[in-house]
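**Q** Contents of work_13.cif (mmCIF, N, CA and C atoms and all ligand atoms) are below:
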data_start
#
loop_
_atom_site.label_atom_id
_atom_site.label_comp_id
_atom_site.auth_asym_id
_atom_site.auth_seq_id
_atom_site.Cartn_x
_atom_site.Cartn_y
_atom_site.Cartn_z
N MET A 1 101.59 97.69 104.02
CA MET A 1 101.84 96.85 105.20
C MET A 1 101.72 95.38 104.82
N THR A 2 102.55 94.55 105.41
CA THR A 2 102.53 93.12 105.12
C THR A 2 102.10 92.36 106.37
N ASP A 3 101.28 91.36 106.17
CA ASP A 3 100.87 90.50 107.29
C ASP A 3 102.00 89.51 107.58
N ALA A 4 102.48 89.49 108.82
CA ALA A 4 103.61 88.62 109.19
C ALA A 4 103.33 87.16 108.87
N ASP A 5 102.05 86.75 108.95
CA ASP A 5 101.70 85.35 108.69
C ASP A 5 101.80 84.99 107.22
N SER A 6 101.84 86.00 106.35
CA SER A 6 101.92 85.71 104.92
C SER A 6 103.36 85.49 104.46
N ILE A 7 104.31 85.68 105.37
CA ILE A 7 105.73 85.53 105.02
C ILE A 7 106.21 84.12 105.38
N ASP A 8 106.94 83.50 104.46
CA ASP A 8 107.55 82.19 104.73
C ASP A 8 108.90 82.45 105.42
N TRP A 9 108.84 82.61 106.74
CA TRP A 9 110.05 82.97 107.50
C TRP A 9 111.09 81.85 107.48
N GLY A 10 110.62 80.60 107.43
CA GLY A 10 111.55 79.47 107.37
C GLY A 10 112.39 79.53 106.10
N ARG A 11 111.73 79.82 104.99
CA ARG A 11 112.44 79.93 103.71
C ARG A 11 113.44 81.10 103.73
N LEU A 12 113.02 82.19 104.38
CA LEU A 12 113.90 83.36 104.45
C LEU A 12 115.13 83.06 105.32
N ARG A 13 114.91 82.39 106.45
CA ARG A 13 116.05 82.04 107.32
C ARG A 13 116.98 81.05 106.62
N ASP A 14 116.41 80.11 105.87
CA ASP A 14 117.24 79.16 105.11
C ASP A 14 118.10 79.91 104.08
N ALA A 15 117.49 80.89 103.41
CA ALA A 15 118.23 81.68 102.41
C ALA A 15 119.34 82.48 103.09
N ALA A 16 119.05 83.00 104.29
CA ALA A 16 120.07 83.75 105.04
C ALA A 16 121.21 82.83 105.45
N SER A 17 120.88 81.61 105.87
CA SER A 17 121.92 80.64 106.27
C SER A 17 122.78 80.24 105.07
N ALA A 18 122.14 80.05 103.91
CA ALA A 18 122.90 79.71 102.71
C ALA A 18 123.84 80.85 102.34
N ALA A 19 123.35 82.08 102.45
CA ALA A 19 124.21 83.24 102.15
C ALA A 19 125.37 83.30 103.14
N MET A 20 125.08 83.01 104.40
CA MET A 20 126.12 83.04 105.44
C MET A 20 127.28 82.12 105.11
N SER A 21 127.01 81.01 104.43
CA SER A 21 128.09 80.06 104.13
C SER A 21 129.09 80.63 103.12
N ASN A 22 128.74 81.76 102.48
CA ASN A 22 129.66 82.41 101.55
C ASN A 22 130.47 83.54 102.19
N ALA A 23 130.24 83.80 103.47
CA ALA A 23 130.88 84.94 104.13
C ALA A 23 132.41 84.84 104.05
N TYR A 24 133.05 85.99 103.91
CA TYR A 24 134.52 86.09 103.90
C TYR A 24 134.90 86.81 105.19
N VAL A 25 135.29 86.00 106.21
CA VAL A 25 135.48 86.57 107.54
C VAL A 25 136.80 86.12 108.18
N PRO A 26 137.95 86.33 107.50
CA PRO A 26 139.21 85.86 108.07
C PRO A 26 139.59 86.61 109.35
N TYR A 27 139.02 87.77 109.60
CA TYR A 27 139.44 88.59 110.76
C TYR A 27 138.53 88.36 111.97
N SER A 28 137.24 88.52 111.80
CA SER A 28 136.34 88.34 112.95
C SER A 28 135.98 86.88 113.16
N LYS A 29 136.05 86.07 112.10
CA LYS A 29 135.57 84.68 112.15
C LYS A 29 134.10 84.63 112.58
N PHE A 30 133.37 85.67 112.20
CA PHE A 30 131.95 85.79 112.57
C PHE A 30 131.12 85.93 111.30
N PRO A 31 130.75 84.80 110.69
CA PRO A 31 129.99 84.88 109.45
C PRO A 31 128.55 85.33 109.69
N VAL A 32 128.05 86.13 108.76
CA VAL A 32 126.67 86.63 108.82
C VAL A 32 126.03 86.45 107.46
N GLY A 33 124.78 86.06 107.47
CA GLY A 33 124.01 85.98 106.23
C GLY A 33 122.70 86.73 106.40
N ALA A 34 122.28 87.41 105.34
CA ALA A 34 121.02 88.17 105.39
C ALA A 34 120.20 87.82 104.16
N ALA A 35 118.88 87.81 104.33
CA ALA A 35 117.98 87.54 103.20
C ALA A 35 116.72 88.37 103.38
N ALA A 36 116.13 88.75 102.26
CA ALA A 36 114.89 89.53 102.32
C ALA A 36 114.02 89.22 101.11
N TYR A 37 112.71 89.31 101.33
CA TYR A 37 111.78 89.30 100.21
C TYR A 37 111.69 90.70 99.65
N ALA A 38 111.85 90.82 98.35
CA ALA A 38 111.63 92.10 97.68
C ALA A 38 110.15 92.21 97.35
N SER A 39 109.75 93.43 96.95
CA SER A 39 108.31 93.68 96.72
C SER A 39 107.72 92.82 95.62
N ASP A 40 108.54 92.31 94.70
CA ASP A 40 108.00 91.44 93.64
C ASP A 40 108.04 89.96 94.04
N GLY A 41 108.45 89.66 95.28
CA GLY A 41 108.41 88.30 95.78
C GLY A 41 109.72 87.55 95.66
N ARG A 42 110.70 88.12 94.95
CA ARG A 42 111.99 87.41 94.87
C ARG A 42 112.76 87.59 96.17
N ILE A 43 113.72 86.69 96.38
CA ILE A 43 114.56 86.77 97.57
C ILE A 43 115.91 87.34 97.18
N VAL A 44 116.39 88.32 97.95
CA VAL A 44 117.73 88.86 97.76
C VAL A 44 118.55 88.53 99.01
N THR A 45 119.84 88.30 98.82
CA THR A 45 120.68 87.86 99.93
C THR A 45 122.01 88.60 99.96
N GLY A 46 122.71 88.45 101.06
CA GLY A 46 124.06 89.01 101.18
C GLY A 46 124.80 88.34 102.32
N CYS A 47 126.14 88.42 102.26
CA CYS A 47 126.98 87.91 103.35
C CYS A 47 128.02 88.98 103.67
N ASN A 48 128.61 88.89 104.85
CA ASN A 48 129.64 89.89 105.17
C ASN A 48 130.96 89.54 104.48
N VAL A 49 131.65 90.59 104.06
CA VAL A 49 132.91 90.47 103.33
C VAL A 49 133.90 91.42 103.98
N GLU A 50 134.87 90.85 104.71
CA GLU A 50 135.79 91.69 105.48
C GLU A 50 137.01 92.10 104.67
N ASN A 51 137.86 92.91 105.30
CA ASN A 51 139.01 93.49 104.60
C ASN A 51 140.16 93.64 105.57
N ALA A 52 141.40 93.52 105.06
CA ALA A 52 142.58 93.69 105.90
C ALA A 52 142.59 95.08 106.54
N SER A 53 141.99 96.05 105.87
CA SER A 53 141.74 97.36 106.48
C SER A 53 140.39 97.24 107.17
N TYR A 54 140.41 96.84 108.44
CA TYR A 54 139.22 96.33 109.13
C TYR A 54 137.95 97.17 108.93
N GLY A 55 138.11 98.49 109.03
CA GLY A 55 136.94 99.37 108.95
C GLY A 55 136.25 99.38 107.61
N VAL A 56 136.89 98.82 106.61
CA VAL A 56 136.33 98.81 105.26
C VAL A 56 135.44 97.59 105.02
N GLY A 57 135.41 96.70 105.98
CA GLY A 57 134.61 95.48 105.84
C GLY A 57 133.14 95.79 105.55
N LEU A 58 132.52 94.90 104.80
CA LEU A 58 131.12 95.08 104.42
C LEU A 58 130.22 94.14 105.21
N CYS A 59 129.18 94.70 105.79
CA CYS A 59 128.20 93.86 106.48
C CYS A 59 127.37 93.08 105.46
N ALA A 60 126.74 92.03 105.92
CA ALA A 60 125.89 91.20 105.04
C ALA A 60 124.79 92.04 104.39
N GLU A 61 124.28 93.02 105.13
CA GLU A 61 123.18 93.85 104.62
C GLU A 61 123.64 94.71 103.44
N CYS A 62 124.93 95.08 103.43
CA CYS A 62 125.46 95.86 102.29
C CYS A 62 125.33 95.04 101.03
N GLY A 63 125.74 93.77 101.12
CA GLY A 63 125.63 92.89 99.95
C GLY A 63 124.19 92.68 99.54
N LEU A 64 123.31 92.57 100.53
CA LEU A 64 121.88 92.35 100.24
C LEU A 64 121.29 93.55 99.48
N VAL A 65 121.60 94.74 99.94
CA VAL A 65 121.06 95.95 99.29
C VAL A 65 121.64 96.09 97.88
N SER A 66 122.88 95.74 97.73
CA SER A 66 123.52 95.75 96.41
C SER A 66 122.83 94.73 95.50
N ASN A 67 122.56 93.56 96.04
CA ASN A 67 121.87 92.51 95.30
C ASN A 67 120.47 92.97 94.87
N LEU A 68 119.79 93.71 95.76
CA LEU A 68 118.46 94.24 95.44
C LEU A 68 118.54 95.15 94.20
N ALA A 69 119.50 96.07 94.24
CA ALA A 69 119.64 97.02 93.12
C ALA A 69 120.03 96.30 91.83
N MET A 70 120.94 95.35 91.97
CA MET A 70 121.49 94.65 90.79
C MET A 70 120.48 93.72 90.12
N THR A 71 119.49 93.29 90.86
CA THR A 71 118.58 92.27 90.30
C THR A 71 117.18 92.82 90.03
N GLY A 72 117.09 94.14 89.91
CA GLY A 72 115.80 94.70 89.49
C GLY A 72 115.21 95.74 90.41
N GLY A 73 115.88 96.02 91.55
CA GLY A 73 115.40 97.05 92.46
C GLY A 73 114.14 96.64 93.20
N GLY A 74 113.35 97.63 93.56
CA GLY A 74 112.16 97.38 94.36
C GLY A 74 112.43 97.69 95.82
N GLN A 75 111.51 97.27 96.66
CA GLN A 75 111.62 97.56 98.09
C GLN A 75 111.66 96.27 98.90
N LEU A 76 112.19 96.39 100.12
CA LEU A 76 112.32 95.23 101.00
C LEU A 76 111.05 95.07 101.84
N VAL A 77 110.49 93.89 101.81
CA VAL A 77 109.21 93.62 102.47
C VAL A 77 109.41 92.89 103.80
N ALA A 78 110.33 91.92 103.81
CA ALA A 78 110.57 91.13 105.03
C ALA A 78 112.03 90.69 105.03
N PHE A 79 112.64 90.66 106.21
CA PHE A 79 114.10 90.51 106.33
C PHE A 79 114.47 89.56 107.46
N ALA A 80 115.50 88.75 107.22
CA ALA A 80 116.04 87.89 108.28
C ALA A 80 117.56 87.90 108.18
N CYS A 81 118.22 87.77 109.33
CA CYS A 81 119.68 87.81 109.39
C CYS A 81 120.12 86.73 110.38
N VAL A 82 121.16 85.99 110.04
CA VAL A 82 121.62 84.91 110.94
C VAL A 82 123.12 84.95 111.15
N ASN A 83 123.55 84.39 112.30
CA ASN A 83 124.98 84.25 112.57
C ASN A 83 125.47 82.88 112.08
N GLY A 84 126.69 82.54 112.44
CA GLY A 84 127.30 81.30 111.96
C GLY A 84 126.61 80.04 112.45
N ASN A 85 125.79 80.15 113.49
CA ASN A 85 125.01 79.00 113.98
C ASN A 85 123.60 78.99 113.43
N GLY A 86 123.32 79.92 112.52
CA GLY A 86 121.97 80.00 111.96
C GLY A 86 120.97 80.66 112.91
N GLU A 87 121.50 81.31 113.95
CA GLU A 87 120.62 81.98 114.92
C GLU A 87 120.32 83.41 114.47
N THR A 88 119.13 83.87 114.82
CA THR A 88 118.70 85.22 114.45
C THR A 88 119.66 86.26 115.02
N LEU A 89 120.02 87.20 114.16
CA LEU A 89 120.96 88.26 114.54
C LEU A 89 120.31 89.61 114.23
N MET A 90 120.49 90.57 115.11
CA MET A 90 119.97 91.91 114.85
C MET A 90 120.90 92.65 113.89
N PRO A 91 120.34 93.34 112.91
CA PRO A 91 121.19 94.18 112.08
C PRO A 91 121.81 95.30 112.91
N CYS A 92 123.07 95.64 112.66
CA CYS A 92 123.73 96.71 113.40
C CYS A 92 123.03 98.04 113.06
N GLY A 93 123.36 99.07 113.83
CA GLY A 93 122.70 100.36 113.64
C GLY A 93 122.85 100.91 112.24
N ARG A 94 124.05 100.85 111.71
CA ARG A 94 124.29 101.36 110.36
C ARG A 94 123.45 100.60 109.34
N CYS A 95 123.32 99.31 109.55
CA CYS A 95 122.57 98.50 108.59
C CYS A 95 121.07 98.70 108.71
N ARG A 96 120.60 99.10 109.90
CA ARG A 96 119.17 99.45 110.01
C ARG A 96 118.89 100.66 109.11
N GLN A 97 119.82 101.59 109.08
CA GLN A 97 119.67 102.77 108.21
C GLN A 97 119.70 102.35 106.74
N LEU A 98 120.62 101.45 106.40
CA LEU A 98 120.70 100.94 105.02
C LEU A 98 119.38 100.30 104.61
N LEU A 99 118.83 99.47 105.49
CA LEU A 99 117.57 98.77 105.19
C LEU A 99 116.41 99.76 105.09
N PHE A 100 116.40 100.77 105.96
CA PHE A 100 115.31 101.75 105.99
C PHE A 100 115.14 102.43 104.63
N GLU A 101 116.26 102.79 104.03
CA GLU A 101 116.24 103.50 102.73
C GLU A 101 115.46 102.71 101.68
N HIS A 102 115.55 101.38 101.76
CA HIS A 102 114.95 100.52 100.73
C HIS A 102 113.73 99.75 101.24
N SER A 103 113.19 100.21 102.36
CA SER A 103 112.09 99.46 102.97
C SER A 103 110.75 99.79 102.34
N ALA A 104 109.92 98.76 102.18
CA ALA A 104 108.51 98.97 101.86
C ALA A 104 107.84 99.46 103.14
N PRO A 105 106.74 100.24 103.03
CA PRO A 105 106.04 100.67 104.24
C PRO A 105 105.70 99.45 105.11
N GLY A 106 106.05 99.54 106.39
CA GLY A 106 105.75 98.44 107.32
C GLY A 106 106.64 97.23 107.16
N MET A 107 107.79 97.40 106.53
CA MET A 107 108.74 96.27 106.37
C MET A 107 108.90 95.51 107.68
N LEU A 108 108.92 94.18 107.57
CA LEU A 108 109.01 93.31 108.75
C LEU A 108 110.42 92.74 108.89
N LEU A 109 110.86 92.60 110.13
CA LEU A 109 112.17 92.00 110.41
C LEU A 109 112.01 90.90 111.45
N ASP A 110 112.72 89.79 111.21
CA ASP A 110 112.79 88.71 112.18
C ASP A 110 113.85 89.13 113.20
N THR A 111 113.44 89.38 114.45
CA THR A 111 114.40 89.87 115.44
C THR A 111 114.47 88.94 116.64
N VAL A 112 115.42 89.22 117.54
CA VAL A 112 115.57 88.40 118.75
C VAL A 112 114.37 88.55 119.68
N SER A 113 113.55 89.58 119.44
CA SER A 113 112.34 89.74 120.26
C SER A 113 111.07 89.57 119.42
N GLY A 114 111.18 88.78 118.37
CA GLY A 114 110.00 88.49 117.54
C GLY A 114 109.97 89.32 116.27
N ILE A 115 108.85 89.24 115.56
CA ILE A 115 108.72 90.00 114.30
C ILE A 115 108.45 91.46 114.64
N ARG A 116 109.27 92.34 114.08
CA ARG A 116 109.16 93.79 114.33
C ARG A 116 109.10 94.52 113.00
N THR A 117 108.59 95.75 113.05
CA THR A 117 108.61 96.58 111.85
C THR A 117 109.89 97.41 111.81
N ILE A 118 110.21 97.91 110.63
CA ILE A 118 111.39 98.76 110.48
C ILE A 118 111.28 99.99 111.38
N ASP A 119 110.06 100.51 111.56
CA ASP A 119 109.89 101.69 112.42
C ASP A 119 110.16 101.37 113.89
N GLU A 120 109.95 100.12 114.26
CA GLU A 120 110.24 99.73 115.65
C GLU A 120 111.74 99.58 115.88
N VAL A 121 112.47 99.11 114.88
CA VAL A 121 113.91 98.91 115.10
C VAL A 121 114.73 100.15 114.74
N LEU A 122 114.09 101.12 114.07
CA LEU A 122 114.77 102.40 113.78
C LEU A 122 113.75 103.53 113.90
N PRO A 123 113.38 103.85 115.17
CA PRO A 123 112.33 104.86 115.36
C PRO A 123 112.77 106.25 114.91
N ASP A 124 111.80 107.03 114.44
CA ASP A 124 112.06 108.43 114.05
C ASP A 124 113.25 108.53 113.10
N ALA A 125 113.27 107.64 112.13
CA ALA A 125 114.43 107.52 111.24
C ALA A 125 114.65 108.77 110.38
N PHE A 126 115.89 109.02 110.08
CA PHE A 126 116.27 110.00 109.07
C PHE A 126 116.21 109.31 107.72
N GLY A 127 115.59 109.96 106.75
CA GLY A 127 115.49 109.31 105.43
C GLY A 127 115.27 110.31 104.33
N PRO A 128 114.92 109.83 103.15
CA PRO A 128 114.76 110.69 101.97
C PRO A 128 113.75 111.81 102.20
N ARG A 129 112.74 111.56 103.04
CA ARG A 129 111.70 112.59 103.26
C ARG A 129 112.29 113.85 103.88
N GLN A 130 113.24 113.68 104.80
CA GLN A 130 113.86 114.85 105.44
C GLN A 130 114.61 115.69 104.41
N LEU A 131 115.25 115.04 103.48
CA LEU A 131 115.97 115.78 102.43
C LEU A 131 114.97 116.55 101.57
N ASP A 132 113.85 115.89 101.23
CA ASP A 132 112.82 116.53 100.40
C ASP A 132 112.23 117.74 101.10
N GLU A 133 111.96 117.59 102.41
CA GLU A 133 111.34 118.68 103.15
C GLU A 133 112.25 119.90 103.19
N PHE A 134 113.55 119.69 103.30
CA PHE A 134 114.49 120.81 103.37
C PHE A 134 114.56 121.55 102.04
N SER A 135 114.50 120.81 100.94
CA SER A 135 114.68 121.44 99.63
C SER A 135 113.42 122.14 99.14
N ARG A 136 112.29 121.97 99.85
CA ARG A 136 111.05 122.62 99.42
C ARG A 136 110.99 124.08 99.83
N1 LIG B 1 128.02 92.14 110.71
C1 LIG B 1 127.13 92.06 109.69
O1 LIG B 1 127.45 91.54 108.60
N2 LIG B 1 125.88 92.59 109.87
C2 LIG B 1 125.45 93.12 111.05
O2 LIG B 1 124.35 93.67 111.09
C3 LIG B 1 126.27 92.99 112.25
C4 LIG B 1 127.72 92.75 111.99
C5 LIG B 1 129.39 91.61 110.50
C6 LIG B 1 130.44 92.68 110.39
C7 LIG B 1 131.70 91.89 110.72
O3 LIG B 1 132.16 91.27 109.51
C8 LIG B 1 131.21 90.81 111.66
O4 LIG B 1 129.80 90.79 111.56
C9 LIG B 1 131.60 91.04 113.13
O5 LIG B 1 131.19 92.31 113.53
#
For the structure just supplied, provide its representation as structure tokens.
Ligand code: THU
**A**
Amino acid sequence: MTDADSIDWGRLRDAASAAMSNAYVPYSKFPVGAAAYASDGRIVTGCNVENASYGVGLCAECGLVSNLAMTGGGQLVAFACVNGNGETLMPCGRCRQLLFEHSAPGMLLDTVSGIRTIDEVLPDAFGPRQLDEFSR
């Protein structure tokens, strides 16, 4: 578990805003940036990257999770996501699942209703444990 006061949320939001400036959004014109502290303290980021085949577009969180794996792996400790105005944005449902897979226990998220845990934004989540339980 991480203490919310130990997280530099301003730095995380700034990193999310910087990532947002790289978004490729010719279709929605809705840039998104995401940033998270990994368990070793580094920051990983992502932006949304859309596609002419609309449904194939990638959310900012997809890039962030890819960045996590590419730069040494680990787990996500604290997360922030912003829109084109730098305002806090909730991760979509699919992206909550993406984040859950790579979450440290008690992962914190900056949300529109304050700092929340991953379990609060994705209650009773389906995850690797369910697969393990079935195969036993
Ligand atoms: N989007 C994200 O990048 N992350 C979210 O959690 C919500 C939605 C993107 C997808 C699409 O490129 C644009 O926002 C409008 O839906």
**Q** Considering only C-alpha atoms, can you say which of A:Leu58, A:Cys47, A:Ala15, A:Ala34 comes closest to Pro91 (chain A)?
**A**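 Of the candidates, the smallest distance to Pro91 (chain A) is held by A:Ala34.
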**Q** When the cut-off is 7 Å and you count only N, CA and C atoms and all ligand atoms, which residues lie near ligand LIG 1 (chain B), shown as a PyMOL selection string?
**A** chain A and resi 24-25+28-33+47-50+57-62+89-93+95-96
**Q** May I ask which of the residues A:Leu122, A:Leu99, A:Ala19, A:Val44 is the closest one to Leu64 (chain A), counting only N, CA and C atoms?
**A**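 For Leu64 (chain A), the nearest of the candidates is A:Val44.
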**Q** For Asn51 (chain A), which residue out of A:Ala125, A:Ile7, A:Ala78, A:Ala23 is the nearest one, using only C-alpha atoms?
**A**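 Residue with the minimum atom-to-atom distance to Asn51 (chain A): A:Ala23.
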**Q** When distances are computed from all atoms listed in the file, which of A:Ile115, A:Ala35, A:Ala18, A:Met107 shows the smallest separation from Thr2 (chain A)?
**A**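 When distances to Thr2 (chain A) are compared using all atoms listed in the file, the smallest one comes from A:Met107.
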**Q** May I ask which of the residues A:Gly63, A:Gly84, A:Gly74, A:Pro123 is the closest one to Ser103 (chain A), counting all atoms listed in the file?
**A** A:Gly74
**Q** Expressed in Å to a single decimal, how great is the separation between atom C of Ala4 (chain A) and CA of Leu76 (chain A)?
**A** 14.4 Å
**Q** Any chance you could list, as a PyMOL selection string, the residues in chain A that come up alpha helix (DSSP H) when DSSP is run on the backbone?
**A** chain A and resi 9-20+60-70+93-101+118-121+128-135
**Q** Atoms to include: N, CA and C atoms. Write the selected residues as a short mmCIF file (atom, residue, chain, number, x, y, z; two decimals), keeping the file's coordinate frame.
**A**
data_model
loop_
_atom_site.label_atom_id
_atom_site.label_comp_id
_atom_site.auth_asym_id
_atom_site.auth_seq_id
_atom_site.Cartn_x
_atom_site.Cartn_y
_atom_site.Cartn_z
N TRP A 9 108.84 82.61 106.74
CA TRP A 9 110.05 82.97 107.50
C TRP A 9 111.09 81.85 107.48
N GLY A 10 110.62 80.60 107.43
CA GLY A 10 111.55 79.47 107.37
C GLY A 10 112.39 79.53 106.10
N ARG A 11 111.73 79.82 104.99
CA ARG A 11 112.44 79.93 103.71
C ARG A 11 113.44 81.10 103.73
N LEU A 12 113.02 82.19 104.38
CA LEU A 12 113.90 83.36 104.45
C LEU A 12 115.13 83.06 105.32
N ARG A 13 114.91 82.39 106.45
CA ARG A 13 116.05 82.04 107.32
C ARG A 13 116.98 81.05 106.62
N ASP A 14 116.41 80.11 105.87
CA ASP A 14 117.24 79.16 105.11
C ASP A 14 118.10 79.91 104.08
N ALA A 15 117.49 80.89 103.41
CA ALA A 15 118.23 81.68 102.41
C ALA A 15 119.34 82.48 103.09
N ALA A 16 119.05 83.00 104.29
CA ALA A 16 120.07 83.75 105.04
C ALA A 16 121.21 82.83 105.45
N SER A 17 120.88 81.61 105.87
CA SER A 17 121.92 80.64 106.27
C SER A 17 122.78 80.24 105.07
N ALA A 18 122.14 80.05 103.91
CA ALA A 18 122.90 79.71 102.71
C ALA A 18 123.84 80.85 102.34
N ALA A 19 123.35 82.08 102.45
CA ALA A 19 124.21 83.24 102.15
C ALA A 19 125.37 83.30 103.14
N MET A 20 125.08 83.01 104.40
CA MET A 20 126.12 83.04 105.44
C MET A 20 127.28 82.12 105.11
N ALA A 60 126.74 92.03 105.92
CA ALA A 60 125.89 91.20 105.04
C ALA A 60 124.79 92.04 104.39
N GLU A 61 124.28 93.02 105.13
CA GLU A 61 123.18 93.85 104.62
C GLU A 61 123.64 94.71 103.44
N CYS A 62 124.93 95.08 103.43
CA CYS A 62 125.46 95.86 102.29
C CYS A 62 125.33 95.04 101.03
N GLY A 63 125.74 93.77 101.12
CA GLY A 63 125.63 92.89 99.95
C GLY A 63 124.19 92.68 99.54
N LEU A 64 123.31 92.57 100.53
CA LEU A 64 121.88 92.35 100.24
C LEU A 64 121.29 93.55 99.48
N VAL A 65 121.60 94.74 99.94
CA VAL A 65 121.06 95.95 99.29
C VAL A 65 121.64 96.09 97.88
N SER A 66 122.88 95.74 97.73
CA SER A 66 123.52 95.75 96.41
C SER A 66 122.83 94.73 95.50
N ASN A 67 122.56 93.56 96.04
CA ASN A 67 121.87 92.51 95.30
C ASN A 67 120.47 92.97 94.87
N LEU A 68 119.79 93.71 95.76
CA LEU A 68 118.46 94.24 95.44
C LEU A 68 118.54 95.15 94.20
N ALA A 69 119.50 96.07 94.24
CA ALA A 69 119.64 97.02 93.12
C ALA A 69 120.03 96.30 91.83
N MET A 70 120.94 95.35 91.97
CA MET A 70 121.49 94.65 90.79
C MET A 70 120.48 93.72 90.12
N GLY A 93 123.36 99.07 113.83
CA GLY A 93 122.70 100.36 113.64
C GLY A 93 122.85 100.91 112.24
N ARG A 94 124.05 100.85 111.71
CA ARG A 94 124.29 101.36 110.36
C ARG A 94 123.45 100.60 109.34
N CYS A 95 123.32 99.31 109.55
CA CYS A 95 122.57 98.50 108.59
C CYS A 95 121.07 98.70 108.71
N ARG A 96 120.60 99.10 109.90
CA ARG A 96 119.17 99.45 110.01
C ARG A 96 118.89 100.66 109.11
N GLN A 97 119.82 101.59 109.08
CA GLN A 97 119.67 102.77 108.21
C GLN A 97 119.70 102.35 106.74
N LEU A 98 120.62 101.45 106.40
CA LEU A 98 120.70 100.94 105.02
C LEU A 98 119.38 100.30 104.61
N LEU A 99 118.83 99.47 105.49
CA LEU A 99 117.57 98.77 105.19
C LEU A 99 116.41 99.76 105.09
N PHE A 100 116.40 100.77 105.96
CA PHE A 100 115.31 101.75 105.99
C PHE A 100 115.14 102.43 104.63
N GLU A 101 116.26 102.79 104.03
CA GLU A 101 116.24 103.50 102.73
C GLU A 101 115.46 102.71 101.68
N ILE A 118 110.21 97.91 110.63
CA ILE A 118 111.39 98.76 110.48
C ILE A 118 111.28 99.99 111.38
N ASP A 119 110.06 100.51 111.56
CA ASP A 119 109.89 101.69 112.42
C ASP A 119 110.16 101.37 113.89
N GLU A 120 109.95 100.12 114.26
CA GLU A 120 110.24 99.73 115.65
C GLU A 120 111.74 99.58 115.88
N VAL A 121 112.47 99.11 114.88
CA VAL A 121 113.91 98.91 115.10
C VAL A 121 114.73 100.15 114.74
N PRO A 128 114.92 109.83 103.15
CA PRO A 128 114.76 110.69 101.97
C PRO A 128 113.75 111.81 102.20
N ARG A 129 112.74 111.56 103.04
CA ARG A 129 111.70 112.59 103.26
C ARG A 129 112.29 113.85 103.88
N GLN A 130 113.24 113.68 104.80
CA GLN A 130 113.86 114.85 105.44
C GLN A 130 114.61 115.69 104.41
N LEU A 131 115.25 115.04 103.48
CA LEU A 131 115.97 115.78 102.43
C LEU A 131 114.97 116.55 101.57
N ASP A 132 113.85 115.89 101.23
CA ASP A 132 112.82 116.53 100.40
C ASP A 132 112.23 117.74 101.10
N GLU A 133 111.96 117.59 102.41
CA GLU A 133 111.34 118.68 103.15
C GLU A 133 112.25 119.90 103.19
N PHE A 134 113.55 119.69 103.30
CA PHE A 134 114.49 120.81 103.37
C PHE A 134 114.56 121.55 102.04
N SER A 135 114.50 120.81 100.94
CA SER A 135 114.68 121.44 99.63
C SER A 135 113.42 122.14 99.14
#
